[in-house]
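Taking it in order: structure first as C-alpha cells, then the write-up.
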Amino acid sequence: GPDPLITEVQGWASGLGDGVDATPYGLPIEYEADVVRRNVEWLTADTISSINFTPIHALDGTITPQGCAFERHHSGAIELRKEDYRLMINGLVDTPLVFSYADLERFPREQHVYFCECAANTGMEWAGSQLNGAQFTHGMIHNMEYTGVSLRTLLTEAGLDAAGDLKDKWVYVEGADASSNGRSIPMEKALDDCLVAFKANGEALRMEHGYPVRLVVPGWEGNMWVKWLRRIEVMDGPVESREETSKYTDTLEDGTSRKWTWVMDAKSVVTSPSPQSPIKHGHGPVVITGLAWSGHGKITRVDVSKDGGMTWETARLAKDGENKALTRFYLDTEWNGEDWLLQSRAMDETGYVQPTKEQLREVRGLNSIYHNNCIQTWHVKPNGEAENVEVS
Amino acid sequence: DRNIAKVPADLQKLGALSPNALAALEAEKAPAKAEVADATTGDAARGGLVAAAYADEGGAGKNFGLGRVAMPEEIAAWDVDVRPDGTGLPDGSGNAFDGEEIFEENCASCHGSFAEGVDNWPKLAGGDGSLADEDPLKTVGSYWPYLSTVFDYVNRSMPFGNAQSLSADEVYAITAYILYSNDIIDDEFELSKETFLDVEMPNAGGFIVDDRAETEYTIWRTEPCMENCKDAQPEITMRATVLDVTPEEEGMEEDHAAAEAAPAQEAAAVEVAAAAEEAPAEEAPAEVAVAALDPAMVKAGEKVFKKCKACHQVGEGAKNRSGPHLNGVVGRAIGSIDGFKYSGTMADMGGEWTEEKLAEFLADPRGSVKGTRMAFAGLKKSDDIAAVTAYLKSFDP
C-alpha cells in the first residue's frame, strides 16, 4: 500500500521544531549517536595513556570533524587556557624568545589541509586479521584544515645565525602536559612545512587535540605532532627521547630496530562496505568508497579489487589528490550477492604502490608494530555483512 | 661523536622535503642584522618587547619583533632534557640500594616491585635477548639504547599523575634501581653526572636509521599489476571474527529509544550539577540523594579526582585497576572489594570508610595506613579532600 510517511501528515510537518539557539554549539542529531570515537580497552592499561579511533566507516568526504577525530594522550588531555599559554624558543638561536598566544596570532598565517596518522595505525594487524572494523584497523587517522604560523617564521624570529650550518641541526619540540612528550625533528623538515597551528576546521583546536596550540608535521607520524606545544629548542643533535627510542622504533625480524621512521607511506582502505558498514540495501547499485593518503605527497591513483587482488579496476578520485592530505575514492558498481574479497591499493606521486601484507612481512617480519600500510581485505558475504580477513 | 647525529642523507629520497628549504632560508638571512639584546643580562626581558632590537628587514624572513626575550630562569625551568652524551644532567647522585625504596613508593604500583610490570603497565626489566623472538619483551634493559632516555623520562614525565615531583637524587636512584633490576649495575654503583657514561646499555648497537628508501621504495615504486595478478584464485586464510577481540559497539545496534535514554543516565553520573539546576522536577526518585550533594562541590571534586584517575576508576562500568574501583566507597567496608589485592594492613583494618576516615587517609595515605600499596603523596588541602569526597559520593555503589 501507499507509504504512510507520505500519505499521513507527520508531526514534523505540522508542528514546530527547535528555535535558533536551542543548541548554541551543536552536536550531531541523536540518530547519529553511533558515529563516535571508540577505544579498544585491552590495548592499554588506562584510558589516560591510550588511543581511540575515528569512525571512518561512517564518514564521507575527507575532512574529519574534530569531535570524532581520534585522540592519543600520554598523560590525559589537559585544560590549558590561552591566557596561560607560553611558547619558548631556545637553544642555538640568536635570541631565546617567549611568545604568548596573542603573539602567535600576530604573525602571518597559513592554512593547509593535512592528515595526521598515528604510526601504530593498523599495528594490531601484523600477525593476522584481528580487529573487525575499519574504525579499529585504520581509525588512528584524521584530516583537518589547519590555520597557524609556519615553524620557519618562528625560528626566523628567534634567529638562526647562531646555529651556523643548518644541515646537521635539529629542533626538539616539547608539550606542556605531564607526559612532556618531546620529539627531535631535523632542521630541514622544521623549515620545510611544519606548522604551529591554533585552529582546525575553522574553530579552535579541541582540548583533546592540544588546545590552544599544537605542532603539525605534515606526512610524518602523529606522535611528532606535539600537542600543547610549549618549547622549541634548536640543537646540534637529537635528544633521543623516550618517544623516539623506546617507542616509535620498528623492530625487524632479526631483532635490530629501525629508528627515525618518520614518513607515513602511501596507504588506503575501503571504508564502506566494511565490517561496521555492511551492505543493507540488497542487490543492484552499490558505492564502494574509501580513503587514500601518502606522507610523500599527493595520491595519484587508487585501484580496487573485488577478488582478493587477482584483478583490479581503477577507482574514481572525488577530487585530485592533495599534498599529504586524505583523498576520497569511489567505485560505483553493482553487487548481486556474490562473495567479494574487497581491497584497495593506493599510488602516490612518487610512484610508490601500497604493498601487500606479505610484501611488508618479507622485509620487516611480524614485530615492527608501527608503519603497517598493507593492503586491507574485507570479505563481503552474500548477506551483505563484511569481515576483516587475510587472503592467500 | 656517536651522539651527534647527522640528518640522514636519504631524507630527500624519502620524498618528504622540498629540496630548497634550507637554501631558501640561508638566502633570507639578513646580511646586516641589527644587534640583538643580550638575553643573559636580562635587560631586554625587563624592558619587555624586543621589537626595538630588530631592524625591519622587510620581505620574506623578516622579523616581526613579537614575543619577548626568554629569561635565564625560565629557560632553566623548562629546558631540562638530557641527551645521550649526558648534556643536561643535573648535579646529584643515587644508587640502587636507595633507589629500591623510592621505586617502591613512587613506581611499583604500576611497574611492580622488581620493575616487572603490573597488568598492562610497562615492564622495565627483563627480556634480555628476546628482540628476535616471536614475542619480544622490550624493556630498559633489553631495548633502550641510551641511559639518558631513562633519566630524562623519569625526570620529566614520571611518576604517572605526579610528574616532575622527584628530586635529582631520587631520579638518579630510581634510574640506578631500574639498571640494577636489569643486572646492568650492582646495587652500590653510584650513578651521577660523572659516572653516567660508564654505563653500557645492552642494546645500544641495536638500531639502524630508517632504510626504507633502499629496502622498500626501490622495490615498490613499480607499475602495479591489473589482471591475473596471482597464480591461483585467492582464498581466505584468516578471519578476525575467530579471534573475537573487537569491542562491542554500544549504540550500533540499539534503537533510538535507547539513545534518547542515555543523556539522563549521564546526567546522574557526571553532570549532577547541570541536572540539578536545569531539571529538578524531572529527577527520578533514586537520584534524590545524589541531588542533595552540593553540585559545585561535586564539580570541583571531579577536577581533584584527576590525580586519582591513573589508578582508580569510578562511575558506570568502573573496574579495579592498580587501585580498587571507588563506586560507593563512602560507607563501604574497608578492604572489601573482591578480587582486589590489598596490602595486608588494608585487608586487616576492618571497619568502613566513613568520611572522617577517608579524609584522614587522603591527607596522608602512607602515614595513616602503614604499608598501603597506594603510592600517592596525599591531598594537602582539606577543600580538595571535601570536594573529592563529594564527587565520590555522587556515584552509587
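Simple scheme: letters A, B, ... for chains in C-alpha cells order, numbers from 1 for residues in each chain, numbers from 1 for ligands in the order shown.
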
All alpha helix (DSSP H) positions in stretch 51-262 of chain B, as number ranges by chain: B: 72-78, 96-106, 108-111, 147-157, 168-181, 212, 218-220, 240-243, 256-262

Distance query B:Arg321 at most 7 Å, only C-alpha atoms, self and fewer than 2 positions along chain excluded, as an MDAnalysis selection string: chainID B and resid 311:312 319 323:324

Those same residues - N, CA and C atoms - I'd like them written as a compact mmCIF listing (two decimals), in the first residue's frame.
# COMPACT_ATOMS: atom_id res chain seq x y z
N CYS B 311 44.96 5.40 38.73
CA CYS B 311 44.85 4.10 39.39
C CYS B 311 43.42 3.70 39.74
N HIS B 312 42.53 4.66 39.86
CA HIS B 312 41.16 4.35 40.31
C HIS B 312 40.12 4.72 39.26
N LYS B 319 36.04 -0.46 36.95
CA LYS B 319 36.70 -1.72 37.29
C LYS B 319 37.89 -1.47 38.19
N GLY B 323 44.39 0.44 41.52
CA GLY B 323 43.64 0.60 42.76
C GLY B 323 42.23 0.07 42.56
N PRO B 324 41.50 -0.20 43.67
CA PRO B 324 40.14 -0.72 43.53
C PRO B 324 39.20 0.34 42.96

At most 6 Å to chain B: residues in chain A, only C-alpha atoms, as a PyMOL selection string: chain A and resi 34+45+96-99+129-132+157+168+178-180+192+237+239+241-242+246+253-261+296+308+310-312+351-353+388-392

Residue nearest A:Met140 among A:Lys298, A:Lys357, A:Arg72, A:Lys227 (counting only C-alpha atoms): A:Arg72

B:Tyr342 environment, 12 Å, only C-alpha atoms, sequence neighbours closer than 3 positions dropped, as a PyMOL selection string: chain B and resi 109+320-324+334-339+345-349+369+371-374

All strand (DSSP E or B) residues (DSSP, backbone) inside stretch 208-299 of chain A, as number ranges by chain: A: 214-216, 220, 229-235, 250-251, 257-259, 263, 267-272, 274, 277, 284-293, 299

Selection above as a file: C-alpha atoms, as a PDB file, in the first residue's frame:
ATOM      1  CA  ARG A 214      49.790  22.061  18.534  1.00  0.00           C
ATOM      2  CA  LEU A 215      52.523  21.308  16.065  1.00  0.00           C
ATOM      3  CA  VAL A 216      51.631  19.988  12.624  1.00  0.00           C
ATOM      4  CA  TRP A 220      55.102  12.355   9.378  1.00  0.00           C
ATOM      5  CA  LEU A 229      53.371  22.812  22.287  1.00  0.00           C
ATOM      6  CA  ARG A 230      55.370  24.754  24.833  1.00  0.00           C
ATOM      7  CA  ARG A 231      59.014  24.641  23.780  1.00  0.00           C
ATOM      8  CA  ILE A 232      61.109  24.501  20.635  1.00  0.00           C
ATOM      9  CA  GLU A 233      64.850  24.049  21.116  1.00  0.00           C
ATOM     10  CA  VAL A 234      67.363  24.331  18.315  1.00  0.00           C
ATOM     11  CA  MET A 235      70.034  21.669  18.853  1.00  0.00           C
ATOM     12  CA  ASP A 250      60.343  -0.540  14.374  1.00  0.00           C
ATOM     13  CA  THR A 251      61.852  -3.898  15.292  1.00  0.00           C
ATOM     14  CA  SER A 257      65.230  -1.883  15.007  1.00  0.00           C
ATOM     15  CA  ARG A 258      64.748   0.979  12.620  1.00  0.00           C
ATOM     16  CA  LYS A 259      64.725   4.428  14.145  1.00  0.00           C
ATOM     17  CA  VAL A 263      57.323   9.358   6.997  1.00  0.00           C
ATOM     18  CA  LYS A 267      48.065   3.735   2.259  1.00  0.00           C
ATOM     19  CA  SER A 268      44.365   3.280   1.605  1.00  0.00           C
ATOM     20  CA  VAL A 269      41.358   1.450   2.990  1.00  0.00           C
ATOM     21  CA  VAL A 270      37.810   0.768   1.847  1.00  0.00           C
ATOM     22  CA  THR A 271      35.618   2.399   4.493  1.00  0.00           C
ATOM     23  CA  SER A 272      32.332   1.081   3.056  1.00  0.00           C
ATOM     24  CA  SER A 274      33.280  -2.813   5.687  1.00  0.00           C
ATOM     25  CA  SER A 277      29.240  -0.631   7.397  1.00  0.00           C
ATOM     26  CA  GLY A 284      21.986  -3.719  -7.542  1.00  0.00           C
ATOM     27  CA  PRO A 285      23.904  -0.464  -7.492  1.00  0.00           C
ATOM     28  CA  VAL A 286      26.384  -0.009  -4.665  1.00  0.00           C
ATOM     29  CA  VAL A 287      29.019   2.597  -3.905  1.00  0.00           C
ATOM     30  CA  ILE A 288      32.381   1.300  -2.793  1.00  0.00           C
ATOM     31  CA  THR A 289      34.252   4.129  -1.102  1.00  0.00           C
ATOM     32  CA  GLY A 290      37.372   4.687   0.920  1.00  0.00           C
ATOM     33  CA  LEU A 291      40.311   6.898   1.794  1.00  0.00           C
ATOM     34  CA  ALA A 292      43.849   7.110   0.488  1.00  0.00           C
ATOM     35  CA  TRP A 293      46.812   9.143   1.678  1.00  0.00           C
ATOM     36  CA  ILE A 299      47.657  10.431  -4.171  1.00  0.00           C
TER      37      ILE A 299
END

Selection near A:Pro275, 6 Å with only C-alpha atoms, sequence-local residues under 2 positions removed, as a ChimeraX atom specification: /A:133,277-278,386-387

Contacts of A:Trp228 at 7 Å (only C-alpha atoms; same-chain gap of 2+ positions) as a list of chain:residue names: A:Gly175, A:Ala176, A:Asp177, A:Gly210, A:Tyr211, A:Pro212, A:Val213, A:Arg214, A:Val226, A:Arg230

Expected file: the selected residues, N, CA and C atoms, as an mmCIF file, in the first residue's frame:
data_model
loop_
_atom_site.group_PDB
_atom_site.id
_atom_site.type_symbol
_atom_site.label_atom_id
_atom_site.label_comp_id
_atom_site.auth_asym_id
_atom_site.auth_seq_id
_atom_site.Cartn_x
_atom_site.Cartn_y
_atom_site.Cartn_z
ATOM 1 N N GLY A 175 55.802 19.177 24.610
ATOM 2 C CA GLY A 175 54.459 19.552 25.036
ATOM 3 C C GLY A 175 54.406 19.998 26.486
ATOM 4 N N ALA A 176 53.309 20.671 26.847
ATOM 5 C CA ALA A 176 53.163 21.227 28.190
ATOM 6 C C ALA A 176 52.501 20.268 29.171
ATOM 7 N N ASP A 177 51.991 19.135 28.691
ATOM 8 C CA ASP A 177 51.294 18.227 29.604
ATOM 9 C C ASP A 177 52.296 17.421 30.418
ATOM 10 N N GLY A 210 45.097 19.271 21.635
ATOM 11 C CA GLY A 210 46.211 20.137 22.012
ATOM 12 C C GLY A 210 45.887 21.597 22.231
ATOM 13 N N TYR A 211 44.616 21.947 22.419
ATOM 14 C CA TYR A 211 44.247 23.341 22.648
ATOM 15 C C TYR A 211 45.185 23.995 23.642
ATOM 16 N N PRO A 212 45.690 25.188 23.434
ATOM 17 C CA PRO A 212 45.363 26.046 22.296
ATOM 18 C C PRO A 212 46.289 25.912 21.086
ATOM 19 N N VAL A 213 47.415 25.222 21.226
ATOM 20 C CA VAL A 213 48.395 25.204 20.129
ATOM 21 C C VAL A 213 49.042 23.834 19.995
ATOM 22 N N ARG A 214 49.069 23.306 18.779
ATOM 23 C CA ARG A 214 49.790 22.061 18.534
ATOM 24 C C ARG A 214 50.714 22.228 17.331
ATOM 25 N N VAL A 226 53.343 17.418 18.242
ATOM 26 C CA VAL A 226 53.254 17.644 19.684
ATOM 27 C C VAL A 226 52.098 18.584 20.050
ATOM 28 N N ARG A 230 54.914 23.689 23.937
ATOM 29 C CA ARG A 230 55.370 24.754 24.833
ATOM 30 C C ARG A 230 56.826 25.153 24.600
#

Interatomic distance, atom CA of A:Arg109 to atom CA of A:Asp94 (Å, one decimal): 23.1 Å

Long-range neighbours of A:Asp193 as a count of residues only, 8 Å cut-off, only C-alpha atoms, 2 positions minimum in chain: 9

Distance of atom CA of A:Gly123 from atom CA of A:Gln359, expressed in Å to one decimal place: 15.5 Å

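Residue neighbourhood of A:Gly222, excluding near-sequence residues (fewer than 4 positions): Cys116, Glu117, Cys118 and Ala119 of chain A, at 7 Å, using only C-alpha atoms.
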
Nearest to B:Glu170 by atom-to-atom distance, counting only C-alpha atoms, from B:Phe340, B:Phe103, B:Phe376, B:Phe305: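 The shortest atom-to-atom distance to B:Glu170 comes from B:Phe103.
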
Point-to-point distance from atom CA of A:Arg81 to atom CA of A:Ala102, Å rounded to tenths: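 Answer for the atom CA of A:Arg81 to atom CA of A:Ala102 separation: 11.9 Å.
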
Residue nearest A:Lys199 - candidates A:Lys381, A:His112, A:His73, A:His57, atoms counted: only C-alpha atoms: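 Of the candidates, the smallest distance to A:Lys199 is held by A:His112.
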
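Checking B:Leu379, B:Leu124, B:Val298, B:Ala168 one by one against B:Asp91, counting only C-alpha atoms, you find the shortest gap at B:Ala168.
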